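This report concerns only the one structure given below.
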Amino acid sequence: MARPVVELAGVCKTYGDVAALRDADLVIGRGELLAIVGPSGSGKSTMLNIMGTLDRPSAGMVRIDGHDVAGLSDRELSALRAGTIGFVFQQFHLSSGVPALDSVADGLLYSGRPRGERRRLAERALRRVGLGHRLHHQPHQLSGGEKQRVAIARAVLGDPPLLLADEPTGALDSRSGAVVIELLHELHEAGTTVVVITHDRDIAATLPREVRVKDGRIEHDSGGPAPSRSLVPERAVVPEEAVR
Ligand SMILES: Nc1ncnc2c1ncn2[C@@H]1O[C@H](COP(=O)(O)OP(=O)(O)O)[C@@H](O)[C@H]1O
Ligand SMILES: [Mg+2]
């Protein structure tokens with residue numbers, strides 16, 4: 001199996017006396033499209049923040065694109081994140097008054113690329129999400145669905161292998177939400193590994209793999225690659241597993 005993009009082993013996260021994530025094991029292979037689904041407060045965003053290296057676990061091992069996060073300084077972690085992960089959030093996070101093209105191009109501000117090239121790449125990304133006709137629109141001139149597509153263009157600008165979307169349709173009507181999900185499918189088909197966090201079971205059910213979270217625990221995983229040998233200790237096959 002190719003090196004997994006995300007590996008979590010025994011990951012826990014506590015906030016004071018709240019156990020937001022308990023003993024999570026999850027392996028996400030390159031090129032997967034999956035949903036992490038669960039009710040509000042179940043630990044989904046906590047898991048996304050840990051997979052996205054925005055937060056460190058209280059216990060357990062996190063490996064992103066083969067790198068053990070525990071061994072990296074904050075600076076190295078930022079570099080890994082910048083080169084590997086795109087983020088999409090429920091609330092779009094677009095600055096008011098900034099045209100779509102600039103919002104997206106600013107994603108490459110620290111990439112060392114000249115301004116003209118940043119804008120060319122941004123335009124290409126906006127065309128890719130179907131917004132070639134909205135390059136100079138500001139957020140208040142865009143619909144919710146269009147705003148989210150700008151945010152997705154910004155997230156995939158540098159072609160990150162991993163896209164993490166936290167409730168990407170949470171602020172959208174169902175039609176715009178469907179367009180966004182369709183777009184995530186297209187990105188997946190083009191080779192990006194896409195993780196969609198949602199509390200919406202209908203959306204989760206349309207994706208090839210569903211990981212259900214409840215009270216900070218993974219209670220069901222409909223699929224995924226074979227466990228990585230590097231992570232899972234050898235153990236005897238118990239009859240229940242043998243018959244699967
Ligand atoms: N920064 C934080 N400080 C304290 N508690 C938090 C923090 N982030 C999340 N929690 C708590 O952890 C639990 C899981 O939260 P979260 O991961 O945001 O759930 P979800 O995204 O599934 O709604 C909740 O009980 C929440 O209140
Ligand atoms: Mg959340």
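Chain labels run A, B, ... following the order of the structure tokens; each chain numbers its residues from 1, and ligands are numbered from 1 in the order shown.
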For chain A versus ligand 2, which residues have an atom no more than 8 Å away, and what is each residue's nearest atom pair and distance in Å rounded to one decimal, using only C-alpha atoms and all ligand atoms, chain-then-number order, as JSON lines?
{"residue": "A:Ser40", "atom": "CA", "partner": "ligand 2", "partner_atom_place_in_ligand_line": "1 (Mg)", "distance": 6.5}
{"residue": "A:Gly41", "atom": "CA", "partner": "ligand 2", "partner_atom_place_in_ligand_line": "1 (Mg)", "distance": 6.8}
{"residue": "A:Gly43", "atom": "CA", "partner": "ligand 2", "partner_atom_place_in_ligand_line": "1 (Mg)", "distance": 7.0}
{"residue": "A:Lys44", "atom": "CA", "partner": "ligand 2", "partner_atom_place_in_ligand_line": "1 (Mg)", "distance": 5.5}
{"residue": "A:Ser45", "atom": "CA", "partner": "ligand 2", "partner_atom_place_in_ligand_line": "1 (Mg)", "distance": 4.1}
{"residue": "A:Thr46", "atom": "CA", "partner": "ligand 2", "partner_atom_place_in_ligand_line": "1 (Mg)", "distance": 7.3}
{"residue": "A:Asp166", "atom": "CA", "partner": "ligand 2", "partner_atom_place_in_ligand_line": "1 (Mg)", "distance": 6.7}
{"residue": "A:Glu167", "atom": "CA", "partner": "ligand 2", "partner_atom_place_in_ligand_line": "1 (Mg)", "distance": 7.1}
{"residue": "A:Ile197", "atom": "CA", "partner": "ligand 2", "partner_atom_place_in_ligand_line": "1 (Mg)", "distance": 7.7}
{"residue": "A:Thr198", "atom": "CA", "partner": "ligand 2", "partner_atom_place_in_ligand_line": "1 (Mg)", "distance": 7.9}
Please write the residues from the selection above to a file, keeping C-alpha atoms, as a PDB file, in the first residue's frame.
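Final output, saved to selection20.pdb:
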ATOM      1  CA  SER A  40     -22.585  18.193  17.410  1.00  0.00           C
ATOM      2  CA  GLY A  41     -19.975  17.974  20.160  1.00  0.00           C
ATOM      3  CA  GLY A  43     -15.274  15.455  18.533  1.00  0.00           C
ATOM      4  CA  LYS A  44     -15.257  15.875  14.745  1.00  0.00           C
ATOM      5  CA  SER A  45     -13.590  19.288  14.649  1.00  0.00           C
ATOM      6  CA  THR A  46     -11.119  18.168  17.289  1.00  0.00           C
ATOM      7  CA  ASP A 166     -15.139  21.010   8.317  1.00  0.00           C
ATOM      8  CA  GLU A 167     -18.911  21.229   7.760  1.00  0.00           C
ATOM      9  CA  ILE A 197     -16.598  16.505   8.360  1.00  0.00           C
ATOM     10  CA  THR A 198     -20.349  16.688   8.672  1.00  0.00           C
TER      11      THR A 198
END
**OP:** List the neighbours of Ala205 (chain A) out to 12 Å using only C-alpha atoms; skip same-chain residues closer than 6 positions along the sequence, and give me the result as a ChimeraX atom specification.
**Re:** /A:33-37,196,198-199,211-212,222
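Neighbouring residues of Arg134 (chain A) at 10 Å or closer, counting only C-alpha atoms and skipping chain neighbours under 6 positions away, are Pro99, Ala100, Leu101, Glu123, Leu126, Arg127, Gln141, Leu142, Glu146 and Val150 of chain A.
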Writer output for current selection, C-alpha atoms, as an mmCIF file, in the first residue's frame:
data_model
loop_
_atom_site.group_PDB
_atom_site.id
_atom_site.type_symbol
_atom_site.label_atom_id
_atom_site.label_comp_id
_atom_site.auth_asym_id
_atom_site.auth_seq_id
_atom_site.Cartn_x
_atom_site.Cartn_y
_atom_site.Cartn_z
ATOM 1 C CA PRO A 99 -12.203 40.397 -4.569
ATOM 2 C CA ALA A 100 -12.263 36.638 -5.150
ATOM 3 C CA LEU A 101 -9.099 36.659 -7.273
ATOM 4 C CA GLU A 123 -7.589 32.565 -11.780
ATOM 5 C CA LEU A 126 -11.356 29.878 -9.640
ATOM 6 C CA ARG A 127 -12.118 28.598 -13.134
ATOM 7 C CA GLN A 141 -21.575 40.169 -3.992
ATOM 8 C CA LEU A 142 -21.395 36.376 -3.896
ATOM 9 C CA GLU A 146 -20.060 30.857 -4.409
ATOM 10 C CA VAL A 150 -13.847 30.668 -3.535
#
Original post:
region 34-198 of chain A: which residues are helix (DSSP H, G or I) by DSSP, as a ChimeraX atom specification?
Top reply: /A:44-51,69-71,74-84,100-108,115-128,139-141,144-156,174-189
Subject >> Residue nearest ligand 1 among A:Val6, A:Leu163, A:Met51, A:Val27 (counting only C-alpha atoms and all ligand atoms) >> reply: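 Comparing A:Val6, A:Leu163, A:Met51, A:Val27 against ligand 1, the winner is A:Met51.
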**OP:** Show which residues sit within 12 Å of Asp106 (chain A), as an MDAnalysis selection string. Count only C-alpha atoms, and ignore same-chain residues fewer than 6 positions away.
**Re:** chainID A and resid 94:95 98:100 112:123 150:151 153:155 157:158
Original post:
Which value, in Å to one decimal, gives the distance between CA of Asp65 (chain A) and CA of Thr84 (chain A)?
Top reply: 7.7 Å
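As for CA of Gln91 (chain A) and atom 13 (C, counted along the ligand's line) of ligand 1, they are spaced 19.0 Å apart.
Shortest atom-to-atom contact with ligand 1 among A:Gln90, A:Gln138, A:Thr192, A:Ser78: A:Gln90, counting only C-alpha atoms and all ligand atoms.
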Subject >> Nearest-residue call for ligand 1, choices A:Asp202, A:Asp23, A:Asp102, A:Asp55, using only C-alpha atoms and all ligand atoms >> reply: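 Comparing A:Asp202, A:Asp23, A:Asp102, A:Asp55 against ligand 1, the winner is A:Asp55.
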**OP:** One decimal, Å: what's the distance from CA of Leu183 (chain A) over to CA of Tyr110 (chain A), could you say?
**Re:**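 Separation between CA of Leu183 (chain A) and CA of Tyr110 (chain A): 26.4 Å.
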Subject >> Residue nearest ligand 1 - candidates A:Val62, A:Ala9, A:Leu54, A:Leu109, atoms counted: only C-alpha atoms and all ligand atoms >> reply: A:Leu54
**OP:** Check the smallest atom-to-atom distance from each of A:Asp74, A:Glu7, A:Asp17, A:Glu210 to ligand 1 using only C-alpha atoms and all ligand atoms, then report the winner.
**Re:** A:Asp17
**OP:** Using only C-alpha atoms, determine which residues lie at most 9 Å from Tyr15 (chain A), disregarding the query and same-chain residues fewer than 4 positions distant; provide the list as a PyMOL selection string.
**Re:** chain A and resi 19-20+58
